[in-house]
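Visitor: Structure file entry_28.csv (CSV, C-alpha atoms) is given on the next line.
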chain,number,residue,atom,x,y,z
A,1,MET,CA,9.9,68.0,147.3
A,2,ARG,CA,7.6,69.4,150.0
A,3,ILE,CA,10.6,69.9,152.3
A,4,LEU,CA,12.5,71.9,149.6
A,5,THR,CA,9.4,74.0,148.9
A,6,ALA,CA,9.0,74.8,152.7
A,7,MET,CA,12.7,75.6,152.9
A,8,ALA,CA,12.4,78.0,150.0
A,9,VAL,CA,9.5,79.8,151.7
A,10,LEU,CA,11.4,80.1,154.9
A,11,LEU,CA,14.4,81.6,153.1
A,12,VAL,CA,12.1,84.2,151.5
A,13,LEU,CA,10.4,85.0,154.8
A,14,PHE,CA,13.4,85.1,157.1
A,15,GLY,CA,16.6,85.0,155.2
A,16,CYS,CA,16.1,87.2,152.2
A,17,THR,CA,13.4,89.7,153.1
A,18,SER,CA,15.8,92.7,152.8
A,19,ARG,CA,17.3,91.6,149.5
A,20,PRO,CA,14.6,92.2,146.9
A,21,LYS,CA,15.6,94.8,144.4
A,22,MET,CA,13.6,97.8,143.2
A,23,PRO,CA,14.0,100.3,140.3
A,24,PRO,CA,16.0,103.4,141.1
A,25,ILE,CA,14.1,106.4,142.2
A,26,PRO,CA,14.1,108.8,139.2
A,27,PRO,CA,15.8,112.2,139.8
A,28,ASP,CA,12.5,114.0,140.3
A,29,GLY,CA,10.9,111.0,142.1
A,30,VAL,CA,8.8,111.4,145.3
A,31,VAL,CA,9.0,109.0,148.3
A,32,LEU,CA,5.8,108.6,150.3
A,33,ALA,CA,6.1,107.7,153.9
A,34,PHE,CA,2.7,106.3,154.8
A,35,GLY,CA,1.7,105.3,158.2
A,36,ASP,CA,0.4,106.4,161.6
A,37,SER,CA,2.0,108.4,164.5
A,38,ILE,CA,5.4,106.7,164.1
A,39,THR,CA,5.5,108.1,160.6
A,40,TYR,CA,4.1,111.4,161.7
A,41,GLY,CA,6.9,111.7,164.3
A,42,THR,CA,5.0,111.8,167.6
A,43,GLY,CA,7.4,112.3,170.4
A,44,ALA,CA,9.7,114.6,168.4
A,45,THR,CA,9.5,117.7,166.2
A,46,ARG,CA,8.4,117.4,162.6
A,47,GLU,CA,12.0,118.1,161.6
A,48,GLU,CA,13.1,115.2,163.7
A,49,SER,CA,10.6,112.7,162.2
A,50,TYR,CA,12.0,109.8,160.3
A,51,PRO,CA,10.6,111.1,156.9
A,52,ALA,CA,12.3,114.5,157.4
A,53,ILE,CA,15.6,112.9,158.3
A,54,LEU,CA,15.3,110.4,155.4
A,55,ALA,CA,14.8,113.2,152.9
A,56,ARG,CA,18.0,114.9,154.0
A,57,GLU,CA,19.9,111.6,153.8
A,58,ILE,CA,18.8,110.4,150.4
A,59,GLY,CA,18.3,113.8,148.6
A,60,PHE,CA,14.7,113.1,147.4
A,61,ARG,CA,11.4,114.7,148.4
A,62,VAL,CA,9.8,112.6,151.1
A,63,VAL,CA,6.2,113.2,151.9
A,64,ASN,CA,5.2,112.6,155.5
A,65,ALA,CA,1.7,111.0,155.2
A,66,GLY,CA,1.5,109.8,158.8
A,67,VAL,CA,-1.8,110.1,160.7
A,68,PRO,CA,-1.6,109.5,164.5
A,69,GLY,CA,-4.1,106.9,165.7
A,70,GLU,CA,-4.8,105.5,162.3
A,71,VAL,CA,-5.6,101.8,162.0
A,72,THR,CA,-5.0,99.8,158.8
A,73,SER,CA,-8.7,99.9,157.6
A,74,GLU,CA,-8.5,103.7,157.7
A,75,GLY,CA,-5.2,103.7,156.0
A,76,LEU,CA,-6.5,101.5,153.2
A,77,ALA,CA,-9.4,103.9,152.7
A,78,ARG,CA,-7.1,107.0,152.7
A,79,LEU,CA,-4.3,105.6,150.5
A,80,PRO,CA,-5.7,105.9,146.9
A,81,LEU,CA,-6.3,109.7,147.3
A,82,VAL,CA,-2.8,110.2,148.7
A,83,LEU,CA,-1.3,108.3,145.8
A,84,ASP,CA,-3.3,110.4,143.4
A,85,GLN,CA,-2.1,113.6,145.0
A,86,GLU,CA,1.5,112.8,145.5
A,87,ARG,CA,2.2,110.3,142.6
A,88,PRO,CA,5.2,108.7,144.4
A,89,SER,CA,7.8,106.5,142.9
A,90,LEU,CA,8.2,104.7,146.2
A,91,MET,CA,6.0,104.1,149.3
A,92,ILE,CA,7.4,103.2,152.7
A,93,LEU,CA,4.5,101.5,154.5
A,94,CYS,CA,4.7,101.5,158.3
A,95,LEU,CA,1.3,100.8,159.7
A,96,GLY,CA,-0.5,98.4,162.0
A,97,GLY,CA,0.6,99.4,165.5
A,98,ASN,CA,-2.8,100.7,166.4
A,99,ASP,CA,-4.4,97.5,165.2
A,100,ILE,CA,-2.1,95.6,167.5
A,101,ILE,CA,-2.7,97.9,170.5
A,102,ARG,CA,-6.5,97.7,170.0
A,103,HIS,CA,-6.4,93.9,169.6
A,104,LEU,CA,-8.1,94.1,166.2
A,105,ASP,CA,-8.4,90.9,164.1
A,106,SER,CA,-4.9,90.1,162.9
A,107,ARG,CA,-6.2,88.5,159.7
A,108,GLN,CA,-8.0,91.7,158.8
A,109,THR,CA,-4.9,93.7,159.6
A,110,ALA,CA,-2.9,91.5,157.3
A,111,SER,CA,-5.5,91.7,154.6
A,112,ASN,CA,-5.5,95.5,154.8
A,113,LEU,CA,-1.8,95.7,154.5
A,114,ARG,CA,-1.8,93.3,151.5
A,115,ALA,CA,-4.4,95.5,149.8
A,116,MET,CA,-2.3,98.6,150.4
A,117,VAL,CA,0.8,97.0,148.9
A,118,ARG,CA,-1.3,95.7,146.0
A,119,ILE,CA,-2.8,99.1,145.2
A,120,ALA,CA,0.6,100.7,145.1
A,121,ARG,CA,2.2,98.0,143.0
A,122,GLU,CA,-0.7,98.1,140.5
A,123,ARG,CA,0.2,101.8,140.0
A,124,GLY,CA,3.9,101.0,139.4
A,125,ILE,CA,4.9,102.2,142.8
A,126,SER,CA,7.7,100.4,144.6
A,127,VAL,CA,7.0,99.5,148.2
A,128,VAL,CA,9.1,99.0,151.3
A,129,LEU,CA,7.4,97.4,154.3
A,130,VAL,CA,8.3,98.2,157.9
A,131,GLY,CA,7.4,95.7,160.6
A,132,VAL,CA,5.8,97.1,163.8
A,133,PRO,CA,6.5,95.3,167.0
A,134,SER,CA,3.8,93.4,168.8
A,135,PHE,CA,4.7,95.1,172.1
A,136,SER,CA,5.1,91.7,173.7
A,137,LEU,CA,8.2,90.5,175.7
A,138,THR,CA,10.0,89.6,172.5
A,139,MET,CA,8.9,92.8,170.6
A,140,ASP,CA,8.9,90.8,167.3
A,141,PRO,CA,6.6,92.0,164.6
A,142,PRO,CA,3.6,89.8,163.9
A,143,PRO,CA,4.5,87.1,161.3
A,144,TYR,CA,2.2,88.6,158.7
A,145,TYR,CA,4.6,91.4,158.0
A,146,GLY,CA,7.3,89.0,156.8
A,147,GLU,CA,4.8,86.9,155.0
A,148,ILE,CA,3.5,89.9,153.0
A,149,ALA,CA,7.0,91.0,152.1
A,150,GLY,CA,7.8,87.5,150.9
A,151,GLU,CA,4.6,87.2,148.9
A,152,PHE,CA,5.2,90.5,147.0
A,153,GLY,CA,9.0,90.2,146.9
A,154,ILE,CA,9.5,93.7,148.5
A,155,PRO,CA,12.2,95.0,150.8
A,156,PHE,CA,11.3,94.5,154.5
A,157,ASP,CA,12.7,96.0,157.7
A,158,GLY,CA,11.4,93.9,160.6
A,159,LYS,CA,14.2,94.6,163.0
A,160,SER,CA,14.7,98.4,163.4
A,161,LEU,CA,11.5,99.4,165.2
A,162,PRO,CA,11.5,96.4,167.6
A,163,ARG,CA,15.1,97.3,168.5
A,164,ILE,CA,14.4,101.0,168.9
A,165,LEU,CA,11.2,100.5,170.9
A,166,GLY,CA,12.9,97.9,173.0
A,167,ASP,CA,15.4,100.5,174.2
A,168,ARG,CA,14.2,103.1,176.7
A,169,SER,CA,16.8,105.6,175.8
A,170,LEU,CA,15.4,105.7,172.2
A,171,LYS,CA,11.7,106.2,173.2
A,172,SER,CA,9.7,109.3,174.0
A,173,ASP,CA,7.0,107.1,175.6
A,174,TYR,CA,5.8,103.4,175.5
A,175,ILE,CA,5.1,103.3,171.8
A,176,HIS,CA,7.0,106.1,170.1
A,177,PRO,CA,10.6,106.8,169.4
A,178,ASN,CA,12.3,110.0,170.4
A,179,ALA,CA,14.4,112.1,168.1
A,180,THR,CA,17.4,109.8,168.4
A,181,GLY,CA,15.2,106.7,167.8
A,182,TYR,CA,13.7,108.3,164.7
A,183,ARG,CA,17.2,109.1,163.4
A,184,GLN,CA,18.1,105.5,163.8
A,185,LEU,CA,15.0,104.4,161.9
A,186,ALA,CA,15.8,106.8,159.1
A,187,MET,CA,19.4,105.6,158.8
A,188,ALA,CA,18.3,102.0,158.8
A,189,LEU,CA,15.8,102.7,155.9
A,190,THR,CA,18.5,104.7,154.1
A,191,ARG,CA,20.7,101.6,154.2
A,192,LEU,CA,17.9,99.3,153.1
A,193,LEU,CA,17.0,101.6,150.2
A,194,HIS,CA,20.6,101.7,149.1
A,195,LYS,CA,21.0,98.0,149.3
A,196,SER,CA,17.7,97.5,147.4
A,197,GLY,CA,18.9,99.6,144.5
A,198,ALA,CA,16.6,102.6,145.1
A,199,PHE,CA,19.6,105.0,144.5
The structure in this file should be written as C-alpha coordinates.
Guide:
Amino acid sequence: MRILTAMAVLLVLFGCTSRPKMPPIPPDGVVLAFGDSITYGTGATREESYPAILAREIGFRVVNAGVPGEVTSEGLARLPLVLDQERPSLMILCLGGNDIIRHLDSRQTASNLRAMVRIARERGISVVLVGVPSFSLTMDPPPYYGEIAGEFGIPFDGKSLPRILGDRSLKSDYIHPNATGYRQLAMALTRLLHKSGAF
(Lines of atoms letter the chains of each structure in order from A and count residues from 1; the text may use other names and numbers.)
(Lines give C-alpha, C1' and ligand atoms only; values in the text may rest on other atoms or scores of the structure.)
Protein backbone atom coordinates (compact mmCIF):
# COMPACT_ATOMS: atom_id res chain seq x y z
CA MET A 1 0.00 0.00 0.00
CA ARG A 2 2.82 2.39 0.89
CA ILE A 3 4.50 1.67 -2.44
CA LEU A 4 1.30 2.51 -4.34
CA THR A 5 0.93 5.76 -2.41
CA ALA A 6 4.54 6.72 -3.11
CA MET A 7 4.06 5.96 -6.81
CA ALA A 8 0.95 8.14 -6.91
CA VAL A 9 2.85 11.04 -5.36
CA LEU A 10 5.68 10.64 -7.88
CA LEU A 11 3.21 10.66 -10.75
CA VAL A 12 1.71 13.89 -9.50
CA LEU A 13 5.10 15.52 -9.00
CA PHE A 14 6.84 14.40 -12.16
CA GLY A 15 4.41 12.90 -14.60
CA CYS A 16 1.27 14.96 -14.39
CA THR A 17 2.31 18.40 -13.22
CA SER A 18 1.25 20.06 -16.48
CA ARG A 19 -2.12 18.28 -16.69
CA PRO A 20 -4.28 19.86 -13.98
CA LYS A 21 -7.22 21.77 -15.40
CA MET A 22 -8.41 25.27 -14.57
CA PRO A 23 -11.60 27.22 -15.28
CA PRO A 24 -11.59 29.16 -18.55
CA ILE A 25 -10.53 32.79 -18.25
CA PRO A 26 -13.71 34.89 -18.63
CA PRO A 27 -13.91 37.22 -21.66
CA ASP A 28 -13.05 40.26 -19.52
CA GLY A 29 -10.60 38.35 -17.32
CA VAL A 30 -7.17 39.63 -16.32
CA VAL A 31 -3.99 37.55 -16.14
CA LEU A 32 -1.45 38.61 -13.51
CA ALA A 33 2.20 37.82 -14.25
CA PHE A 34 3.77 38.02 -10.78
CA GLY A 35 7.49 37.71 -10.21
CA ASP A 36 10.88 39.36 -10.29
CA SER A 37 13.18 40.58 -13.08
CA ILE A 38 12.38 37.64 -15.36
CA THR A 39 8.73 38.66 -15.28
CA TYR A 40 9.66 42.34 -15.60
CA GLY A 41 11.65 41.56 -18.74
CA THR A 42 15.19 42.57 -17.77
CA GLY A 43 17.43 42.05 -20.77
CA ALA A 44 14.82 43.08 -23.33
CA THR A 45 12.36 45.91 -23.92
CA ARG A 46 9.02 45.96 -22.09
CA GLU A 47 7.29 45.03 -25.35
CA GLU A 48 9.58 41.98 -25.57
CA SER A 49 8.88 40.78 -22.01
CA TYR A 50 7.07 37.47 -21.68
CA PRO A 51 3.87 39.08 -20.25
CA ALA A 52 3.64 41.46 -23.23
CA ILE A 53 4.10 38.63 -25.72
CA LEU A 54 1.69 36.40 -23.81
CA ALA A 55 -1.00 39.09 -23.95
CA ARG A 56 -0.69 39.27 -27.73
CA GLU A 57 -0.82 35.49 -28.04
CA ILE A 58 -3.83 34.76 -25.80
CA GLY A 59 -5.88 37.92 -26.37
CA PHE A 60 -6.34 38.78 -22.70
CA ARG A 61 -5.00 41.67 -20.65
CA VAL A 62 -1.80 40.53 -18.93
CA VAL A 63 -0.52 42.71 -16.09
CA ASN A 64 3.27 42.72 -15.71
CA ALA A 65 3.82 42.73 -11.94
CA GLY A 66 7.51 41.90 -12.04
CA VAL A 67 9.88 43.63 -9.60
CA PRO A 68 13.60 43.18 -10.32
CA GLY A 69 15.60 41.89 -7.38
CA GLU A 70 12.60 40.76 -5.38
CA VAL A 71 12.84 37.74 -3.08
CA THR A 72 9.86 35.59 -2.14
CA SER A 73 9.35 37.18 1.28
CA GLU A 74 8.97 40.57 -0.42
CA GLY A 75 6.68 39.09 -3.04
CA LEU A 76 4.51 37.56 -0.34
CA ALA A 77 4.17 40.94 1.37
CA ARG A 78 3.37 42.68 -1.94
CA LEU A 79 0.91 40.17 -3.37
CA PRO A 80 -2.34 40.96 -1.49
CA LEU A 81 -2.34 44.61 -2.57
CA VAL A 82 -1.62 43.67 -6.19
CA LEU A 83 -4.48 41.16 -6.15
CA ASP A 84 -6.79 43.81 -4.69
CA GLN A 85 -5.80 46.28 -7.39
CA GLU A 86 -5.87 44.01 -10.44
CA ARG A 87 -8.50 41.39 -9.47
CA PRO A 88 -7.07 38.76 -11.84
CA SER A 89 -8.74 35.53 -12.89
CA LEU A 90 -5.35 33.85 -13.24
CA MET A 91 -1.91 34.40 -11.71
CA ILE A 92 1.32 33.15 -13.27
CA LEU A 93 3.82 32.91 -10.41
CA CYS A 94 7.51 32.98 -11.40
CA LEU A 95 9.53 33.87 -8.33
CA GLY A 96 12.38 32.49 -6.26
CA GLY A 97 15.46 33.07 -8.40
CA ASN A 98 16.83 35.77 -6.12
CA ASP A 99 16.33 33.51 -3.10
CA ILE A 100 18.43 30.88 -4.88
CA ILE A 101 21.15 33.34 -5.91
CA ARG A 102 21.37 34.74 -2.36
CA HIS A 103 21.39 31.24 -0.83
CA LEU A 104 18.36 31.97 1.34
CA ASP A 105 16.76 29.18 3.36
CA SER A 106 15.04 26.91 0.84
CA ARG A 107 12.40 25.87 3.36
CA GLN A 108 11.39 29.49 3.84
CA THR A 109 11.37 30.08 0.09
CA ALA A 110 9.04 27.11 -0.36
CA SER A 111 6.84 28.33 2.49
CA ASN A 112 6.58 31.78 0.91
CA LEU A 113 5.64 30.32 -2.47
CA ARG A 114 3.02 28.06 -0.86
CA ALA A 115 1.55 31.06 0.95
CA MET A 116 1.30 33.03 -2.30
CA VAL A 117 -0.47 30.17 -4.06
CA ARG A 118 -2.80 29.78 -1.09
CA ILE A 119 -3.65 33.50 -0.98
CA ALA A 120 -4.56 33.50 -4.65
CA ARG A 121 -6.55 30.28 -4.49
CA GLU A 122 -8.52 31.49 -1.46
CA ARG A 123 -9.65 34.42 -3.62
CA GLY A 124 -10.79 32.11 -6.39
CA ILE A 125 -7.80 32.93 -8.60
CA SER A 126 -6.28 30.15 -10.72
CA VAL A 127 -2.51 29.76 -10.45
CA VAL A 128 0.20 28.55 -12.83
CA LEU A 129 3.63 27.97 -11.28
CA VAL A 130 6.87 28.45 -13.20
CA GLY A 131 9.96 26.71 -11.86
CA VAL A 132 13.15 28.77 -11.70
CA PRO A 133 16.42 26.88 -12.30
CA SER A 134 18.89 26.39 -9.50
CA PHE A 135 21.75 27.74 -11.68
CA SER A 136 23.68 24.52 -11.04
CA LEU A 137 25.20 22.22 -13.65
CA THR A 138 21.85 20.49 -14.24
CA MET A 139 19.83 23.76 -14.19
CA ASP A 140 16.89 21.84 -12.67
CA PRO A 141 14.47 23.84 -10.51
CA PRO A 142 14.62 23.03 -6.79
CA PRO A 143 12.26 20.15 -5.94
CA TYR A 144 9.89 22.34 -3.95
CA TYR A 145 8.42 23.85 -7.13
CA GLY A 146 7.10 20.51 -8.31
CA GLU A 147 6.03 19.59 -4.79
CA ILE A 148 3.98 22.78 -4.43
CA ALA A 149 2.35 22.27 -7.83
CA GLY A 150 1.45 18.72 -6.84
CA GLU A 151 0.07 19.75 -3.44
CA PHE A 152 -2.25 22.37 -4.94
CA GLY A 153 -2.99 20.53 -8.19
CA ILE A 154 -1.96 23.47 -10.34
CA PRO A 155 -0.34 23.58 -13.79
CA PHE A 156 3.43 23.71 -13.61
CA ASP A 157 6.17 24.54 -16.10
CA GLY A 158 9.48 23.35 -14.71
CA LYS A 159 11.27 22.89 -18.03
CA SER A 160 11.08 26.12 -20.03
CA LEU A 161 13.26 28.44 -17.96
CA PRO A 162 15.97 25.82 -17.34
CA ARG A 163 16.08 25.12 -21.09
CA ILE A 164 16.16 28.82 -22.01
CA LEU A 165 18.74 29.81 -19.40
CA GLY A 166 20.85 26.81 -20.34
CA ASP A 167 21.23 28.16 -23.90
CA ARG A 168 23.61 31.10 -24.35
CA SER A 169 21.87 32.19 -27.52
CA LEU A 170 18.64 32.77 -25.55
CA LYS A 171 20.19 34.83 -22.71
CA SER A 172 21.01 38.50 -22.29
CA ASP A 173 23.24 37.72 -19.30
CA TYR A 174 23.86 34.89 -16.82
CA ILE A 175 20.35 34.92 -15.30
CA HIS A 176 18.02 36.66 -17.78
CA PRO A 177 16.59 35.64 -21.14
CA ASN A 178 16.93 37.89 -24.16
CA ALA A 179 14.00 38.84 -26.40
CA THR A 180 14.06 35.45 -28.15
CA GLY A 181 14.21 33.65 -24.81
CA TYR A 182 11.25 35.60 -23.46
CA ARG A 183 9.28 34.79 -26.62
CA GLN A 184 9.98 31.09 -26.11
CA LEU A 185 8.81 31.33 -22.48
CA ALA A 186 5.62 33.12 -23.54
CA MET A 187 4.89 30.51 -26.19
CA ALA A 188 5.47 27.66 -23.74
CA LEU A 189 3.06 29.27 -21.26
CA THR A 190 0.52 29.82 -24.04
CA ARG A 191 0.62 26.10 -24.80
CA LEU A 192 0.35 25.20 -21.11
CA LEU A 193 -2.63 27.52 -20.58
CA HIS A 194 -4.38 26.08 -23.63
CA LYS A 195 -3.69 22.51 -22.48
CA SER A 196 -4.98 23.37 -18.99
CA GLY A 197 -8.29 24.74 -20.27
CA ALA A 198 -7.69 28.42 -19.61
CA PHE A 199 -9.01 29.28 -23.08
Visitor: Given all atoms listed in the file as the basis, pick out the residue of A:Pro162, A:Pro68, A:Gly97, A:Gly59 nearest to A:Pro26.
Guide: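 The shortest atom-to-atom distance to A:Pro26 comes from A:Gly59.
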Visitor: With distances taken over all atoms listed in the file, which of A:Ala115, A:Ala77, A:Ala55, A:Leu192 is nearest to A:Ile148?
Guide: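 Of A:Ala115, A:Ala77, A:Ala55, A:Leu192, the one nearest A:Ile148 is A:Ala115, counting all atoms listed in the file.
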Visitor: To one decimal place, how far is atom CA of A:Leu90 from atom CA of A:Pro141 in Å?
Guide: 22.4 Å
Visitor: If I put a ball of radius 8 Å at (-1.7, 106.7, 166.8) in the file's coordinates, which residues poke into it when counting all atoms listed in the file, written as a PyMOL selection string?
Guide: chain A and resi 36-38+67-71+97-98
Visitor: Between atom CA of A:Glu74 and atom CA of A:Lys171, what is the spacing in Å?
Guide: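 About the pair atom CA of A:Lys171 and atom CA of A:Glu74: they are 25.6 Å apart.
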Visitor: Distance atom CA of A:Ser73-atom CA of A:Asn112, one decimal place?
Guide: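 It comes out at 6.1 Å.
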Visitor: Tell me which protein, DNA and RNA residues are within 12 Å of stretch 78-87 of chain A, counting all atoms listed in the file, leaving out same-chain ones fewer than 6 positions away, and put them as a PyMOL selection string.
Guide: chain A and resi 28-36+61-67+70-72+93+95+112-113+115-126
Visitor: Taking only C-alpha atoms into account, name the residue in A:Pro142, A:Gly150, A:Gly197, A:Gly131 that is nearest to A:Arg163.
Guide: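 For A:Arg163, the nearest of the candidates is A:Gly131.
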Visitor: From the set A:Leu129, A:Leu54, A:Leu76, A:Ala188, which residue has the shortest atom-to-atom contact distance to A:Gly153, counting all atoms listed in the file?
Guide: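 Once distances to A:Gly153 are computed over all atoms listed in the file, the minimum belongs to A:Leu129.
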Visitor: Between A:Arg102, A:Tyr144, A:Asp173, A:Cys94, which one has atoms that come closest to A:Tyr50, using only C-alpha atoms?
Guide: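 Answer, going by the shortest atom-to-atom distance: A:Cys94.
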Visitor: Looking at A:Arg19, A:Thr138, A:Pro143, A:Glu57, which one is nearest to A:Ala110, with distances taken over only C-alpha atoms?
Guide: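 Of A:Arg19, A:Thr138, A:Pro143, A:Glu57, the one nearest A:Ala110 is A:Pro143, counting only C-alpha atoms.
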Visitor: Taking the point (2.8, 107.4, 172.2) as given in the file, collect each protein or nucleic acid residue that comes within 8 Å of it, counting all atoms listed in the file, and present the set as a VMD selection string.
Guide: chain A and resid 37 42 to 43 172 to 176
